[in-house]
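Enquirer: protein16.pdb (PDB, C-alpha atoms) pasted underneath:
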```
ATOM      1  CA  MET J   1     -40.486   1.762 -29.019
ATOM      2  CA  ARG J   2     -41.113   4.443 -26.400
ATOM      3  CA  LYS J   3     -44.753   3.344 -26.048
ATOM      4  CA  THR J   4     -43.631  -0.228 -25.513
ATOM      5  CA  GLY J   5     -41.242   0.885 -22.791
ATOM      6  CA  ILE J   6     -43.981   2.849 -21.068
ATOM      7  CA  ALA J   7     -46.309  -0.146 -21.234
ATOM      8  CA  VAL J   8     -43.687  -2.406 -19.676
ATOM      9  CA  LEU J   9     -42.997   0.101 -16.908
ATOM     10  CA  LEU J  10     -46.713   0.501 -16.257
ATOM     11  CA  MET J  11     -47.276  -3.245 -15.999
ATOM     12  CA  ALA J  12     -44.327  -3.566 -13.641
ATOM     13  CA  ALA J  13     -45.692  -0.746 -11.498
ATOM     14  CA  LEU J  14     -49.126  -2.345 -11.473
ATOM     15  CA  ALA J  15     -47.682  -5.656 -10.379
ATOM     16  CA  ALA J  16     -45.701  -4.045  -7.559
ATOM     17  CA  CYS J  17     -48.633  -1.992  -6.326
ATOM     18  CA  ALA J  18     -51.152  -4.805  -6.691
ATOM     19  CA  HIS J  19     -48.992  -7.202  -4.713
ATOM     20  CA  SER J  20     -48.636  -4.559  -2.008
ATOM     21  CA  ARG J  21     -52.412  -4.444  -1.541
ATOM     22  CA  PRO J  22     -53.586  -6.636   1.330
ATOM     23  CA  ASP J  23     -56.510  -7.986  -0.702
ATOM     24  CA  ALA J  24     -54.579  -8.700  -3.906
ATOM     25  CA  GLY J  25     -55.465 -12.194  -5.055
ATOM     26  CA  ALA J  26     -53.404 -14.699  -6.967
ATOM     27  CA  PRO J  27     -52.441 -13.749 -10.542
ATOM     28  CA  ALA J  28     -55.186 -14.431 -13.051
ATOM     29  CA  ALA J  29     -54.909 -17.904 -14.518
ATOM     30  CA  ALA J  30     -57.449 -17.505 -17.318
ATOM     31  CA  SER J  31     -56.097 -18.381 -20.747
ATOM     32  CA  GLY J  32     -54.619 -15.368 -22.515
ATOM     33  CA  CYS J  33     -54.140 -13.291 -19.358
ATOM     34  CA  SER J  34     -50.853 -11.609 -18.528
ATOM     35  CA  GLY J  35     -50.878 -12.819 -14.922
ATOM     36  CA  ILE J  36     -50.562  -9.259 -13.636
ATOM     37  CA  PRO J  37     -53.357  -8.334 -11.215
ATOM     38  CA  SER J  38     -55.523  -5.429 -12.406
ATOM     39  CA  ASP J  39     -54.136  -5.638 -15.971
ATOM     40  CA  PRO J  40     -56.605  -3.396 -17.868
ATOM     41  CA  THR J  41     -55.974  -5.141 -21.224
ATOM     42  CA  ALA J  42     -58.688  -7.537 -22.367
ATOM     43  CA  PRO J  43     -57.280 -10.749 -23.903
ATOM     44  CA  ALA J  44     -58.660 -11.498 -27.355
ATOM     45  CA  GLY J  45     -60.755 -14.401 -26.077
ATOM     46  CA  PHE J  46     -62.777 -12.054 -23.888
ATOM     47  CA  VAL J  47     -63.594  -9.559 -26.655
ATOM     48  CA  ARG J  48     -67.063 -10.841 -27.345
ATOM     49  CA  ALA J  49     -70.439  -9.175 -26.951
ATOM     50  CA  GLY J  50     -73.534 -10.537 -25.328
ATOM     51  CA  PRO J  51     -76.980  -9.552 -26.604
ATOM     52  CA  ALA J  52     -78.329  -6.103 -25.786
ATOM     53  CA  THR J  53     -80.712  -5.961 -22.845
ATOM     54  CA  HIS J  54     -81.869  -2.403 -23.622
ATOM     55  CA  GLY J  55     -82.325  -0.427 -26.809
ATOM     56  CA  PRO J  56     -84.154  -1.162 -30.073
ATOM     57  CA  GLY J  57     -85.809  -4.583 -29.946
ATOM     58  CA  ALA J  58     -84.410  -5.494 -26.514
ATOM     59  CA  GLN J  59     -86.506  -6.652 -23.549
ATOM     60  CA  GLY J  60     -85.453  -3.821 -21.263
ATOM     61  CA  VAL J  61     -84.502  -6.067 -18.327
ATOM     62  CA  PRO J  62     -80.952  -6.360 -16.889
ATOM     63  CA  ALA J  63     -79.231  -9.747 -17.207
ATOM     64  CA  GLN J  64     -78.586 -11.447 -13.866
ATOM     65  CA  LEU J  65     -75.391 -13.336 -12.945
ATOM     66  CA  ARG J  66     -73.818 -14.688  -9.780
ATOM     67  CA  LEU J  67     -70.140 -14.752  -8.944
ATOM     68  CA  GLN J  68     -68.459 -17.877 -10.265
ATOM     69  CA  ARG J  69     -65.815 -17.695  -7.547
ATOM     70  CA  PRO J  70     -66.682 -16.407  -4.066
ATOM     71  CA  THR J  71     -64.627 -13.522  -2.732
ATOM     72  CA  GLN J  72     -63.441 -13.000   0.831
ATOM     73  CA  ASP J  73     -65.194  -9.652   1.066
ATOM     74  CA  ALA J  74     -67.978  -9.144  -1.454
ATOM     75  CA  GLU J  75     -68.756  -5.825   0.202
ATOM     76  CA  ARG J  76     -65.540  -4.348  -1.212
ATOM     77  CA  LEU J  77     -66.178  -5.182  -4.866
ATOM     78  CA  PRO J  78     -66.249  -2.108  -7.114
ATOM     79  CA  PRO J  79     -69.853  -1.142  -7.881
ATOM     80  CA  LEU J  80     -69.571  -0.712 -11.670
ATOM     81  CA  TYR J  81     -67.397  -1.136 -14.742
ATOM     82  CA  VAL J  82     -68.379   0.116 -18.195
ATOM     83  CA  PHE J  83     -67.078  -1.340 -21.467
ATOM     84  CA  ASP J  84     -67.319  -0.262 -25.104
ATOM     85  CA  ALA J  85     -67.763  -2.478 -28.179
ATOM     86  CA  SER J  86     -64.008  -3.183 -28.293
ATOM     87  CA  ALA J  87     -63.969  -4.356 -24.648
ATOM     88  CA  GLY J  88     -62.224  -1.120 -23.677
ATOM     89  CA  MET J  89     -62.946   0.192 -20.197
ATOM     90  CA  VAL J  90     -64.820   3.487 -20.267
ATOM     91  CA  ARG J  91     -63.914   5.877 -17.456
ATOM     92  CA  GLU J  92     -64.821   9.392 -16.413
ATOM     93  CA  TRP J  93     -61.636  10.818 -17.911
ATOM     94  CA  ASP J  94     -60.295   8.529 -20.603
ATOM     95  CA  GLY J  95     -59.529  10.978 -23.401
ATOM     96  CA  ARG J  96     -62.835  10.659 -25.233
ATOM     97  CA  ASP J  97     -64.344  13.834 -26.633
ATOM     98  CA  PRO J  98     -68.032  13.868 -25.617
ATOM     99  CA  ALA J  99     -68.799  16.152 -28.557
ATOM    100  CA  THR J 100     -67.648  13.581 -31.123
ATOM    101  CA  SER J 101     -67.855  10.221 -29.317
ATOM    102  CA  ASP J 102     -70.689   7.801 -30.001
ATOM    103  CA  ILE J 103     -70.612   6.946 -26.302
ATOM    104  CA  PRO J 104     -72.546   9.272 -23.982
ATOM    105  CA  LEU J 105     -70.203  10.004 -21.090
ATOM    106  CA  GLU J 106     -72.988  10.502 -18.587
ATOM    107  CA  TRP J 107     -70.748   9.988 -15.572
ATOM    108  CA  ARG J 108     -69.496  13.530 -16.079
ATOM    109  CA  GLN J 109     -73.001  14.587 -15.059
ATOM    110  CA  GLU J 110     -74.264  11.835 -12.770
ATOM    111  CA  PRO J 111     -72.772  11.867  -9.236
ATOM    112  CA  GLU J 112     -73.437   8.117  -8.931
ATOM    113  CA  PHE J 113     -71.171   7.419 -11.913
ATOM    114  CA  LYS J 114     -68.477   9.668 -10.495
ATOM    115  CA  ALA J 115     -68.589   7.798  -7.185
ATOM    116  CA  ALA J 116     -68.475   4.437  -8.995
ATOM    117  CA  ASP J 117     -65.466   5.606 -11.009
ATOM    118  CA  GLU J 118     -63.628   6.619  -7.848
ATOM    119  CA  ALA J 119     -64.405   3.281  -6.192
ATOM    120  CA  GLY J 120     -63.486   1.141  -9.204
ATOM    121  CA  TYR J 121     -60.071   2.590 -10.136
ATOM    122  CA  TRP J 122     -56.806   3.639  -8.529
ATOM    123  CA  GLY J 123     -54.113   5.986  -9.851
ATOM    124  CA  GLU J 124     -50.511   5.366 -10.865
ATOM    125  CA  VAL J 125     -47.858   7.663 -12.346
ATOM    126  CA  VAL J 126     -45.418   6.065 -14.816
ATOM    127  CA  ASP J 127     -42.849   8.031 -16.817
ATOM    128  CA  GLY J 128     -44.597  11.286 -15.926
ATOM    129  CA  GLN J 129     -47.993  10.057 -17.117
ATOM    130  CA  PHE J 130     -50.986   9.485 -14.831
ATOM    131  CA  TYR J 131     -52.994   6.326 -15.385
ATOM    132  CA  ARG J 132     -56.334   5.203 -13.952
ATOM    133  CA  VAL J 133     -56.079   1.476 -13.267
ATOM    134  CA  PRO J 134     -59.034  -0.810 -12.468
ATOM    135  CA  TRP J 135     -59.068  -2.655  -9.177
ATOM    136  CA  LEU J 136     -60.465  -5.557 -11.203
ATOM    137  CA  GLY J 137     -59.044  -5.953 -14.705
ATOM    138  CA  PRO J 138     -60.596  -8.164 -17.400
ATOM    139  CA  CYS J 139     -58.551 -11.175 -16.265
ATOM    140  CA  ASP J 140     -59.728 -10.736 -12.679
ATOM    141  CA  LEU J 141     -63.298 -10.539 -13.942
ATOM    142  CA  ALA J 142     -62.792 -13.691 -16.020
ATOM    143  CA  GLN J 143     -62.013 -15.621 -12.851
ATOM    144  CA  MET J 144     -65.080 -14.284 -11.078
ATOM    145  CA  LEU J 145     -67.777 -14.505 -13.770
ATOM    146  CA  PRO J 146     -69.287 -17.622 -15.336
ATOM    147  CA  ALA J 147     -68.114 -18.525 -18.845
ATOM    148  CA  PRO J 148     -68.329 -17.384 -21.516
ATOM    149  CA  VAL J 149     -66.920 -14.060 -20.353
ATOM    150  CA  GLN J 150     -68.456 -11.237 -22.384
ATOM    151  CA  LEU J 151     -66.594  -7.977 -21.858
ATOM    152  CA  ALA J 152     -67.564  -6.196 -25.074
ATOM    153  CA  ALA J 153     -70.660  -4.045 -25.493
ATOM    154  CA  PRO J 154     -73.118  -4.575 -28.341
ATOM    155  CA  PRO J 155     -71.866  -2.852 -31.532
ATOM    156  CA  GLY J 156     -72.003   0.907 -31.082
ATOM    157  CA  GLY J 157     -73.220   0.613 -27.512
ATOM    158  CA  LEU J 158     -72.229   0.165 -23.884
ATOM    159  CA  LEU J 159     -71.888  -2.681 -21.398
ATOM    160  CA  PHE J 160     -72.721  -1.849 -17.778
ATOM    161  CA  LEU J 161     -71.259  -4.495 -15.447
ATOM    162  CA  GLN J 162     -72.763  -3.746 -12.027
ATOM    163  CA  PHE J 163     -71.882  -5.568  -8.813
ATOM    164  CA  ILE J 164     -74.686  -5.718  -6.261
ATOM    165  CA  ALA J 165     -73.674  -6.617  -2.716
ATOM    166  CA  PRO J 166     -76.143  -7.793  -0.070
ATOM    167  CA  ARG J 167     -78.058  -4.944   1.560
ATOM    168  CA  CYS J 168     -76.246  -2.421  -0.617
ATOM    169  CA  ARG J 169     -77.552   1.055   0.174
ATOM    170  CA  ASP J 170     -76.023   2.662  -2.929
ATOM    171  CA  CYS J 171     -76.916   0.063  -5.561
ATOM    172  CA  GLU J 172     -80.427   1.358  -6.159
ATOM    173  CA  ARG J 173     -79.168   4.908  -6.760
ATOM    174  CA  LEU J 174     -76.574   3.608  -9.231
ATOM    175  CA  SER J 175     -79.237   1.513 -10.982
ATOM    176  CA  GLN J 176     -81.395   4.606 -11.310
ATOM    177  CA  ALA J 177     -78.477   6.497 -12.898
ATOM    178  CA  ILE J 178     -78.066   3.689 -15.436
ATOM    179  CA  GLU J 179     -81.812   3.774 -16.120
ATOM    180  CA  ARG J 180     -81.679   7.540 -16.699
ATOM    181  CA  THR J 181     -78.805   7.098 -19.150
ATOM    182  CA  ILE J 182     -80.724   4.437 -21.067
ATOM    183  CA  ALA J 183     -83.865   6.603 -21.113
ATOM    184  CA  ARG J 184     -81.928   9.582 -22.496
ATOM    185  CA  HIS J 185     -80.497   7.434 -25.306
ATOM    186  CA  PRO J 186     -83.289   5.067 -26.421
ATOM    187  CA  GLN J 187     -81.492   4.119 -29.658
ATOM    188  CA  LEU J 188     -78.277   3.148 -27.870
ATOM    189  CA  PRO J 189     -77.759  -0.642 -27.687
ATOM    190  CA  VAL J 190     -76.962  -1.415 -24.058
ATOM    191  CA  ARG J 191     -76.140  -4.628 -22.251
ATOM    192  CA  TRP J 192     -76.712  -4.192 -18.519
ATOM    193  CA  VAL J 193     -75.474  -7.066 -16.367
ATOM    194  CA  GLN J 194     -76.137  -7.158 -12.635
ATOM    195  CA  VAL J 195     -73.782  -9.496 -10.756
ATOM    196  CA  GLN J 196     -75.208 -10.647  -7.427
ATOM    197  CA  THR J 197     -72.315 -11.070  -5.010
ATOM    198  CA  GLY J 198     -74.063 -13.068  -2.287
ATOM    199  CA  ALA J 199     -77.326 -14.259  -0.777
ATOM    200  CA  PRO J 200     -79.592 -11.490   0.565
ATOM    201  CA  ASP J 201     -79.037 -12.570   4.170
ATOM    202  CA  ASP J 202     -75.267 -13.192   4.179
ATOM    203  CA  GLY J 203     -73.988  -9.612   4.032
ATOM    204  CA  ARG J 204     -73.752  -6.443   6.041
ATOM    205  CA  GLU J 205     -75.079  -3.019   5.179
ATOM    206  CA  ARG J 206     -72.521  -0.880   3.499
ATOM    207  CA  GLY J 207     -72.175   2.568   2.049
ATOM    208  CA  ARG J 208     -69.539   4.259  -0.036
TER     209      ARG J 208
END
```
Translate the structure described by the file into structure tokens.
Expert:
Amino acid sequence: MRKTGIAVLLMAALAACAHSRPDAGAPAAASGCSGIPSDPTAPAGFVRAGPATHGPGAQGVPAQLRLQRPTQDAERLPPLYVFDASAGMVREWDGRDPATSDIPLEWRQEPEFKAADEAGYWGEVVDGQFYRVPWLGPCDLAQMLPAPVQLAAPPGGLLFLQFIAPRCRDCERLSQAIERTIARHPQLPVRWVQVQTGAPDDGRERGR
């Protein structure tokens, strides 16, 4: 009962904070979504895995997507989200024990992953507990990506969902960090999806 109360308070806090953000969009309308912006819970319909792009038997080439719905400022999209096989968001500090987890938490070592984690999440304290909340939750992503939305990693692996803005100065460094992670774990099934956020000539240079 206490956990339920905390969850309700957290969702209420998320809604209040999200609506206070100047760039907060309309509540997600995808089927199965809560309607609360930045809700980190993946609805059951989105818990599906696409094929691995890297790992045993895979081609070793990232999948390419384009945004289904244009955004007002593609330059401000978070650079990366990482998902596990249950469509859970994997963060720098999410309670996983790197000594026992099947998931290599490389972002504790790679500065590019640390920077992506800082850019992709914001903090909220509810009932004395600190939570890291995504700027874009699974429902937000469902509105932006073409169907079918695949927010689960291949079994026992990882899903890297990388947003690449036009003339992005940091994207190549982040891609290299992902490549290093894949090279260090050749048996790990990985789906790496690069989402192009605009045409090469319609953006401005940016840095984080």
Enquirer: If we count all atoms listed in the file, what is near Ala152 in chain J at a cut-off of 8 Å, once residues fewer than 5 positions away on the same chain are taken out, given as a PDB file with C-alpha atoms, in the frame of the given file?
Expert:
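Contents of the output file result.pdb:
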```pdb
ATOM      1  CA  PHE J  46     -62.777 -12.054 -23.888  1.00  0.00           C
ATOM      2  CA  VAL J  47     -63.594  -9.559 -26.655  1.00  0.00           C
ATOM      3  CA  ARG J  48     -67.063 -10.841 -27.345  1.00  0.00           C
ATOM      4  CA  ALA J  49     -70.439  -9.175 -26.951  1.00  0.00           C
ATOM      5  CA  GLY J  50     -73.534 -10.537 -25.328  1.00  0.00           C
ATOM      6  CA  PHE J  83     -67.078  -1.340 -21.467  1.00  0.00           C
ATOM      7  CA  ASP J  84     -67.319  -0.262 -25.104  1.00  0.00           C
ATOM      8  CA  ALA J  85     -67.763  -2.478 -28.179  1.00  0.00           C
ATOM      9  CA  SER J  86     -64.008  -3.183 -28.293  1.00  0.00           C
ATOM     10  CA  ALA J  87     -63.969  -4.356 -24.648  1.00  0.00           C
ATOM     11  CA  GLY J  88     -62.224  -1.120 -23.677  1.00  0.00           C
ATOM     12  CA  LEU J 158     -72.229   0.165 -23.884  1.00  0.00           C
ATOM     13  CA  LEU J 159     -71.888  -2.681 -21.398  1.00  0.00           C
TER      14      LEU J 159
END
```
Enquirer: When you draw a straight line from CA of Ala63 in chain J to CA of Val193 in chain J, how long is it in Å?
Expert: 4.7 Å
Enquirer: So which one's closest to Ile182 in chain J, J:Thr53, J:Cys33, J:Gln162, J:Leu65? Using all atoms listed in the file, please.
Expert: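 Using all atoms listed in the file, Ile182 in chain J sits closest to J:Thr53.
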Enquirer: Please compute the CA of Arg173 in chain J-CA of Pro111 in chain J distance, one decimal, in Å.
Expert: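 Taking CA of Arg173 in chain J and CA of Pro111 in chain J, their separation equals 9.8 Å.
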Enquirer: Suppose a student applies the PyMOL selection byres ((chain J and resi 192) around 10) to this structure; what residues should they get, written as a list in words?
Expert: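 Matching residues under the PyMOL selection byres ((chain J and resi 192) around 10) are Gly50, Pro51, Ala52, Thr53, His54, Gly60, Val61, Pro62, Ala63, Gln64, Val82, Ala153, Leu158, Leu159, Phe160, Leu161, Gln162, Ser175, Ile178, Glu179, Ile182, Pro189, Val190, Arg191, Val193, Gln194 and Val195 of chain J.
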Enquirer: Show me, as a ChimeraX atom specification, the residues that have an atom within 7 Å of Thr197 in chain J when counting all atoms listed in the file, minus same-chain residues fewer than 3 positions from it.
Expert: /J:66-67,74,163-165
